[in-house]
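Below is the file my_file-v5.csv, which contains CSV, C-alpha atoms.
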```
chain,number,residue,atom,x,y,z
A,43,MET,CA,-3.9,28.8,-26.0
A,44,LYS,CA,-5.5,29.5,-22.7
A,45,ALA,CA,-3.6,31.5,-20.0
A,46,THR,CA,-4.4,31.5,-16.3
A,47,ILE,CA,-2.8,34.2,-14.2
A,48,LEU,CA,-2.9,34.0,-10.4
A,49,VAL,CA,-2.3,37.3,-8.6
A,50,ARG,CA,-1.8,36.9,-4.8
A,51,PRO,CA,-1.0,39.3,-1.9
A,52,LYS,CA,2.7,38.8,-1.0
A,53,PRO,CA,3.4,37.1,2.4
A,54,GLY,CA,3.3,39.6,5.2
A,55,ILE,CA,1.1,42.0,3.3
A,56,LEU,CA,-2.3,42.8,4.9
A,57,ASP,CA,-5.1,41.0,3.3
A,58,PRO,CA,-8.5,42.2,4.6
A,59,GLN,CA,-10.5,40.0,2.2
A,60,GLY,CA,-8.5,36.9,3.3
A,61,GLU,CA,-9.2,37.9,7.0
A,62,ALA,CA,-12.9,38.3,6.3
A,63,VAL,CA,-13.0,34.8,4.6
A,64,GLN,CA,-11.1,33.3,7.5
A,65,SER,CA,-13.4,34.7,10.2
A,66,SER,CA,-16.5,33.8,8.2
A,67,LEU,CA,-15.3,30.2,7.7
A,68,ARG,CA,-14.6,29.9,11.5
A,69,GLN,CA,-18.1,31.2,12.3
A,70,LEU,CA,-19.4,28.4,10.0
A,71,GLY,CA,-17.5,25.8,12.0
A,72,PHE,CA,-14.5,25.2,9.7
A,73,ALA,CA,-11.1,24.9,11.2
A,74,VAL,CA,-9.0,27.5,9.4
A,75,ASP,CA,-5.5,28.6,10.2
A,76,GLU,CA,-5.2,31.2,7.5
A,77,ALA,CA,-6.9,32.1,4.3
A,78,ARG,CA,-5.5,34.5,1.6
A,79,VAL,CA,-7.5,35.8,-1.3
A,80,GLY,CA,-6.2,36.9,-4.7
A,81,ARG,CA,-7.4,37.2,-8.3
A,82,VAL,CA,-7.5,34.7,-11.2
A,83,ILE,CA,-7.5,36.2,-14.7
A,84,ASP,CA,-8.3,34.0,-17.7
A,85,ARG,CA,-7.2,35.0,-21.2
A,86,GLU,CA,-7.1,33.5,-24.7
A,87,LEU,CA,-3.9,34.0,-26.6
A,88,GLY,CA,-2.0,33.2,-29.8
A,89,ALA,CA,-0.3,29.8,-30.2
A,90,ASP,CA,3.4,30.7,-29.6
A,91,ALA,CA,4.1,29.8,-25.9
A,92,GLY,CA,7.3,31.8,-25.6
A,93,ALA,CA,5.9,35.0,-27.0
A,94,ALA,CA,2.7,34.5,-25.0
A,95,ARG,CA,4.6,34.2,-21.7
A,96,ALA,CA,6.6,37.4,-22.4
A,97,GLU,CA,3.5,39.3,-23.3
A,98,LEU,CA,1.7,38.1,-20.2
A,99,GLU,CA,4.6,39.1,-18.0
A,100,ARG,CA,4.5,42.6,-19.4
A,101,ALA,CA,0.7,42.7,-18.9
A,102,CYS,CA,1.2,41.6,-15.2
A,103,GLU,CA,3.9,44.2,-14.6
A,104,GLN,CA,1.9,47.0,-16.3
A,105,LEU,CA,-1.7,46.3,-15.2
A,106,LEU,CA,-2.7,43.0,-13.7
A,107,ALA,CA,-0.6,43.0,-10.5
A,108,ASN,CA,0.9,45.6,-8.2
A,109,PRO,CA,4.5,44.3,-7.9
A,110,LEU,CA,5.0,46.1,-4.6
A,111,ILE,CA,2.4,44.1,-2.7
A,112,GLU,CA,1.4,41.2,-5.1
A,113,SER,CA,3.1,38.3,-6.7
A,114,TYR,CA,1.9,36.6,-9.9
A,115,GLU,CA,2.0,33.2,-11.4
A,116,ILE,CA,1.4,32.4,-15.1
A,117,ALA,CA,0.1,29.0,-16.3
A,118,LEU,CA,-0.3,28.2,-20.1
A,119,GLU,CA,-2.6,25.5,-21.4
A,120,ARG,CA,-2.8,24.3,-25.0
B,92,MET,CA,-1.6,20.3,2.9
B,93,LYS,CA,-2.1,23.4,0.8
B,94,ALA,CA,-5.4,24.0,-1.0
B,95,THR,CA,-6.0,26.4,-3.8
B,96,ILE,CA,-9.6,27.3,-4.8
B,97,LEU,CA,-10.3,29.1,-8.0
B,98,VAL,CA,-13.7,30.8,-8.2
B,99,ARG,CA,-14.7,32.1,-11.7
B,100,PRO,CA,-17.8,33.7,-13.2
B,101,LYS,CA,-19.7,31.1,-15.2
B,102,PRO,CA,-19.7,31.4,-19.0
B,103,GLY,CA,-22.3,33.9,-20.1
B,104,ILE,CA,-22.5,35.7,-16.8
B,105,LEU,CA,-21.6,39.4,-16.9
B,106,ASP,CA,-18.1,40.1,-15.6
B,107,PRO,CA,-17.5,43.9,-15.3
B,108,GLN,CA,-14.1,43.4,-13.7
B,109,GLY,CA,-13.1,41.2,-16.7
B,110,GLU,CA,-14.4,43.8,-19.1
B,111,ALA,CA,-12.4,46.5,-17.4
B,112,VAL,CA,-9.2,44.4,-17.6
B,113,GLN,CA,-9.9,43.7,-21.2
B,114,SER,CA,-10.4,47.3,-22.3
B,115,SER,CA,-7.4,48.5,-20.2
B,116,LEU,CA,-5.2,45.8,-21.8
B,117,ARG,CA,-6.4,46.9,-25.3
B,118,GLN,CA,-5.5,50.5,-24.4
B,119,LEU,CA,-2.0,49.4,-23.4
B,120,GLY,CA,-1.6,47.8,-26.9
B,121,PHE,CA,-2.2,44.1,-26.0
B,122,ALA,CA,-4.3,42.0,-28.4
B,123,VAL,CA,-7.0,40.6,-26.1
B,124,ASP,CA,-10.1,38.7,-27.2
B,125,GLU,CA,-11.6,38.2,-23.8
B,126,ALA,CA,-10.5,38.4,-20.2
B,127,ARG,CA,-12.4,37.0,-17.2
B,128,VAL,CA,-11.6,37.8,-13.6
B,129,GLY,CA,-12.3,35.5,-10.6
B,130,ARG,CA,-10.9,34.9,-7.1
B,131,VAL,CA,-8.1,32.6,-5.9
B,132,ILE,CA,-8.3,31.5,-2.2
B,133,ASP,CA,-5.3,29.8,-0.5
B,134,ARG,CA,-5.8,27.7,2.6
B,135,GLU,CA,-3.8,25.4,4.8
B,136,LEU,CA,-5.5,22.1,5.8
B,137,GLY,CA,-5.1,18.8,7.6
B,138,ALA,CA,-3.3,15.9,5.9
B,139,ASP,CA,-6.3,13.7,4.8
B,140,ALA,CA,-6.9,14.6,1.1
B,141,GLY,CA,-10.4,13.0,0.9
B,142,ALA,CA,-11.7,14.8,4.0
B,143,ALA,CA,-10.0,18.0,2.9
B,144,ARG,CA,-11.7,18.0,-0.5
B,145,ALA,CA,-15.2,17.3,1.1
B,146,GLU,CA,-14.7,20.1,3.6
B,147,LEU,CA,-13.5,22.5,0.9
B,148,GLU,CA,-16.5,21.7,-1.3
B,149,ARG,CA,-18.8,22.5,1.7
B,150,ALA,CA,-17.0,25.7,2.3
B,151,CYS,CA,-17.3,26.7,-1.4
B,152,GLU,CA,-21.1,25.9,-1.5
B,153,GLN,CA,-21.7,27.8,1.8
B,154,LEU,CA,-19.4,30.8,1.5
B,155,LEU,CA,-16.6,31.0,-1.1
B,156,ALA,CA,-18.6,30.8,-4.3
B,157,ASN,CA,-22.1,31.8,-5.4
B,158,PRO,CA,-23.2,28.6,-7.2
B,159,LEU,CA,-25.8,30.5,-9.2
B,160,ILE,CA,-23.2,32.6,-11.1
B,161,GLU,CA,-19.8,31.1,-10.2
B,162,SER,CA,-18.0,27.8,-10.7
B,163,TYR,CA,-15.2,26.6,-8.5
B,164,GLU,CA,-12.2,24.4,-8.9
B,165,ILE,CA,-10.2,22.8,-6.0
B,166,ALA,CA,-6.5,21.9,-6.2
B,167,LEU,CA,-4.7,20.1,-3.4
B,168,GLU,CA,-0.9,20.2,-3.0
B,169,ARG,CA,1.1,18.1,-0.5
```

Structure rendered as structure tokens:
Amino acid sequence: MKATILVRPKPGILDPQGEAVQSSLRQLGFAVDEARVGRVIDRELGADAGAARAELERACEQLLANPLIESYEIALER
Amino acid sequence: MKATILVRPKPGILDPQGEAVQSSLRQLGFAVDEARVGRVIDRELGADAGAARAELERACEQLLANPLIESYEIALER
């Protein structure tokens, strides 16, 4: 089973990387209101979806995301 | 319309951030085969899906991804 984890800065949290992308896109002539940049993490996992999700949530809380300033989203694919 | 762009290192390309995540997860007791880390970029766009996709592809080629070592994936949401 393939897991994709998206980690994003929470709304309102300063995002310097997003601001850099936004101003560079504008300089290239794209009309951009706002751009936010986060991380995507791909992992291979065992076959049990329930256990996989619980394990991934623990991994997010402990290492992959900073829950103070980031939110995460887990997608599982067979 | 909301656009989500996923930029990932291509298979076979060295991914030091992914390796760091992988070894840290192992140290925390998670069974991990491989972890790969990329970027997620969120943007707000105009309503025309065809034009939006073409514009996002140009933005990826010009700025958001390095096509030599990274692949990108565009998802549009109404």

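When every C-alpha of chain A is superposed on its counterpart in chain B by least squares, the root-mean-square deviation equals 0.1 Å.
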
- Query: Given the choices A:Ala73, A:Val79, A:Ala101, A:Ala91, which gets closest to Asp57 (chain A) if the distance is worked out from all atoms listed in the file?
  - Reply: A:Val79

- Message: Counting all atoms listed in the file, a student should be able to say which residues of chain A come within 6 Å of chain B; what is the right answer, written as a list of chain:residue names?
- Response: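 Listed by rising number, the hits are A:Ala77, A:Arg78, A:Val79, A:Gly80, A:Arg81, A:Val82, A:Ile83, A:Asp84, A:Arg85.
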
- Message: Just to confirm, what's the straight-line distance from CA of Ser114 (chain B) to CA of Ala96 (chain A) in Å (one decimal)?
- Response: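 Taking CA of Ser114 (chain B) and CA of Ala96 (chain A), their separation equals 19.7 Å.
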
- For CA of Asn108 (chain A) and CA of Glu61 (chain A), quote the distance in Å rounded to one decimal. 19.8 Å

- Task: For CA of Ala117 (chain A) and CA of Ala111 (chain B), quote the distance in Å rounded to one decimal.
- Result: 21.5 Å

Would you mind completing region 78-89 of chain A to all heavy atoms and writing the output as an mmCIF file, in the frame of the given file?
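Everything below was put into part.cif:
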```cif
data_model
loop_
_atom_site.group_PDB
_atom_site.id
_atom_site.type_symbol
_atom_site.label_atom_id
_atom_site.label_comp_id
_atom_site.auth_asym_id
_atom_site.auth_seq_id
_atom_site.Cartn_x
_atom_site.Cartn_y
_atom_site.Cartn_z
ATOM 1 N N ARG A 78 -5.981 33.295 2.358
ATOM 2 C CA ARG A 78 -5.500 34.500 1.600
ATOM 3 C C ARG A 78 -6.326 34.514 0.320
ATOM 4 O O ARG A 78 -6.591 33.478 -0.292
ATOM 5 C CB ARG A 78 -4.035 34.347 1.253
ATOM 6 C CG ARG A 78 -3.116 34.076 2.416
ATOM 7 C CD ARG A 78 -2.732 35.294 3.201
ATOM 8 N NE ARG A 78 -1.794 36.173 2.521
ATOM 9 C CZ ARG A 78 -1.452 37.377 3.007
ATOM 10 N NH1 ARG A 78 -1.984 37.831 4.125
ATOM 11 N NH2 ARG A 78 -0.590 38.131 2.354
ATOM 12 N N VAL A 79 -6.705 35.708 -0.085
ATOM 13 C CA VAL A 79 -7.500 35.800 -1.300
ATOM 14 C C VAL A 79 -6.800 36.676 -2.326
ATOM 15 O O VAL A 79 -6.236 37.725 -2.014
ATOM 16 C CB VAL A 79 -8.893 36.487 -0.951
ATOM 17 C CG1 VAL A 79 -9.711 36.713 -2.211
ATOM 18 C CG2 VAL A 79 -9.674 35.611 0.016
ATOM 19 N N GLY A 80 -6.779 36.190 -3.558
ATOM 20 C CA GLY A 80 -6.200 36.900 -4.700
ATOM 21 C C GLY A 80 -7.124 36.899 -5.864
ATOM 22 O O GLY A 80 -8.308 36.621 -5.718
ATOM 23 N N ARG A 81 -6.576 37.161 -7.052
ATOM 24 C CA ARG A 81 -7.400 37.200 -8.300
ATOM 25 C C ARG A 81 -6.920 36.136 -9.245
ATOM 26 O O ARG A 81 -5.738 35.815 -9.304
ATOM 27 C CB ARG A 81 -7.298 38.561 -8.948
ATOM 28 C CG ARG A 81 -7.815 39.709 -8.123
ATOM 29 C CD ARG A 81 -7.851 41.000 -8.914
ATOM 30 N NE ARG A 81 -6.534 41.465 -9.357
ATOM 31 C CZ ARG A 81 -5.624 41.984 -8.554
ATOM 32 N NH1 ARG A 81 -5.850 42.101 -7.267
ATOM 33 N NH2 ARG A 81 -4.469 42.404 -9.041
ATOM 34 N N VAL A 82 -7.864 35.605 -10.033
ATOM 35 C CA VAL A 82 -7.500 34.700 -11.200
ATOM 36 C C VAL A 82 -7.992 35.419 -12.433
ATOM 37 O O VAL A 82 -9.115 35.909 -12.482
ATOM 38 C CB VAL A 82 -8.046 33.306 -10.994
ATOM 39 C CG1 VAL A 82 -9.528 33.301 -10.703
ATOM 40 C CG2 VAL A 82 -7.765 32.474 -12.232
ATOM 41 N N ILE A 83 -7.113 35.513 -13.426
ATOM 42 C CA ILE A 83 -7.500 36.200 -14.700
ATOM 43 C C ILE A 83 -7.275 35.132 -15.813
ATOM 44 O O ILE A 83 -6.206 34.540 -15.934
ATOM 45 C CB ILE A 83 -6.595 37.403 -14.945
ATOM 46 C CG1 ILE A 83 -6.823 38.424 -13.825
ATOM 47 C CG2 ILE A 83 -6.913 38.035 -16.293
ATOM 48 C CD1 ILE A 83 -5.588 39.037 -13.285
ATOM 49 N N ASP A 84 -8.325 34.895 -16.589
ATOM 50 C CA ASP A 84 -8.300 34.000 -17.700
ATOM 51 C C ASP A 84 -8.206 34.741 -19.020
ATOM 52 O O ASP A 84 -8.992 35.658 -19.227
ATOM 53 C CB ASP A 84 -9.490 33.050 -17.734
ATOM 54 C CG ASP A 84 -9.495 32.092 -16.563
ATOM 55 O OD1 ASP A 84 -8.439 31.515 -16.285
ATOM 56 O OD2 ASP A 84 -10.558 31.927 -15.944
ATOM 57 N N ARG A 85 -7.268 34.340 -19.910
ATOM 58 C CA ARG A 85 -7.200 35.000 -21.200
ATOM 59 C C ARG A 85 -6.949 33.994 -22.319
ATOM 60 O O ARG A 85 -6.300 32.976 -22.115
ATOM 61 C CB ARG A 85 -6.000 35.986 -21.229
ATOM 62 C CG ARG A 85 -6.360 37.364 -20.755
ATOM 63 C CD ARG A 85 -5.165 38.281 -20.924
ATOM 64 N NE ARG A 85 -4.778 38.426 -22.329
ATOM 65 C CZ ARG A 85 -3.675 39.032 -22.727
ATOM 66 N NH1 ARG A 85 -2.830 39.528 -21.859
ATOM 67 N NH2 ARG A 85 -3.396 39.135 -24.024
ATOM 68 N N GLU A 86 -7.461 34.297 -23.492
ATOM 69 C CA GLU A 86 -7.100 33.500 -24.700
ATOM 70 C C GLU A 86 -6.005 34.220 -25.426
ATOM 71 O O GLU A 86 -5.968 35.439 -25.506
ATOM 72 C CB GLU A 86 -8.362 33.446 -25.621
ATOM 73 C CG GLU A 86 -9.341 32.361 -25.276
ATOM 74 C CD GLU A 86 -8.751 30.953 -25.356
ATOM 75 O OE1 GLU A 86 -7.834 30.731 -26.172
ATOM 76 O OE2 GLU A 86 -9.190 30.107 -24.580
ATOM 77 N N LEU A 87 -5.066 33.434 -25.983
ATOM 78 C CA LEU A 87 -3.900 34.000 -26.600
ATOM 79 C C LEU A 87 -3.500 33.291 -27.877
ATOM 80 O O LEU A 87 -3.998 32.200 -28.147
ATOM 81 C CB LEU A 87 -2.693 33.867 -25.661
ATOM 82 C CG LEU A 87 -2.577 34.847 -24.508
ATOM 83 C CD1 LEU A 87 -1.558 34.325 -23.549
ATOM 84 C CD2 LEU A 87 -2.156 36.209 -25.025
ATOM 85 N N GLY A 88 -2.549 33.864 -28.638
ATOM 86 C CA GLY A 88 -2.000 33.200 -29.800
ATOM 87 C C GLY A 88 -1.250 31.932 -29.440
ATOM 88 O O GLY A 88 -1.071 31.624 -28.268
ATOM 89 N N ALA A 89 -0.761 31.188 -30.464
ATOM 90 C CA ALA A 89 -0.300 29.800 -30.200
ATOM 91 C C ALA A 89 1.192 29.752 -29.750
ATOM 92 O O ALA A 89 1.611 28.737 -29.215
ATOM 93 C CB ALA A 89 -0.406 29.021 -31.504
#
```
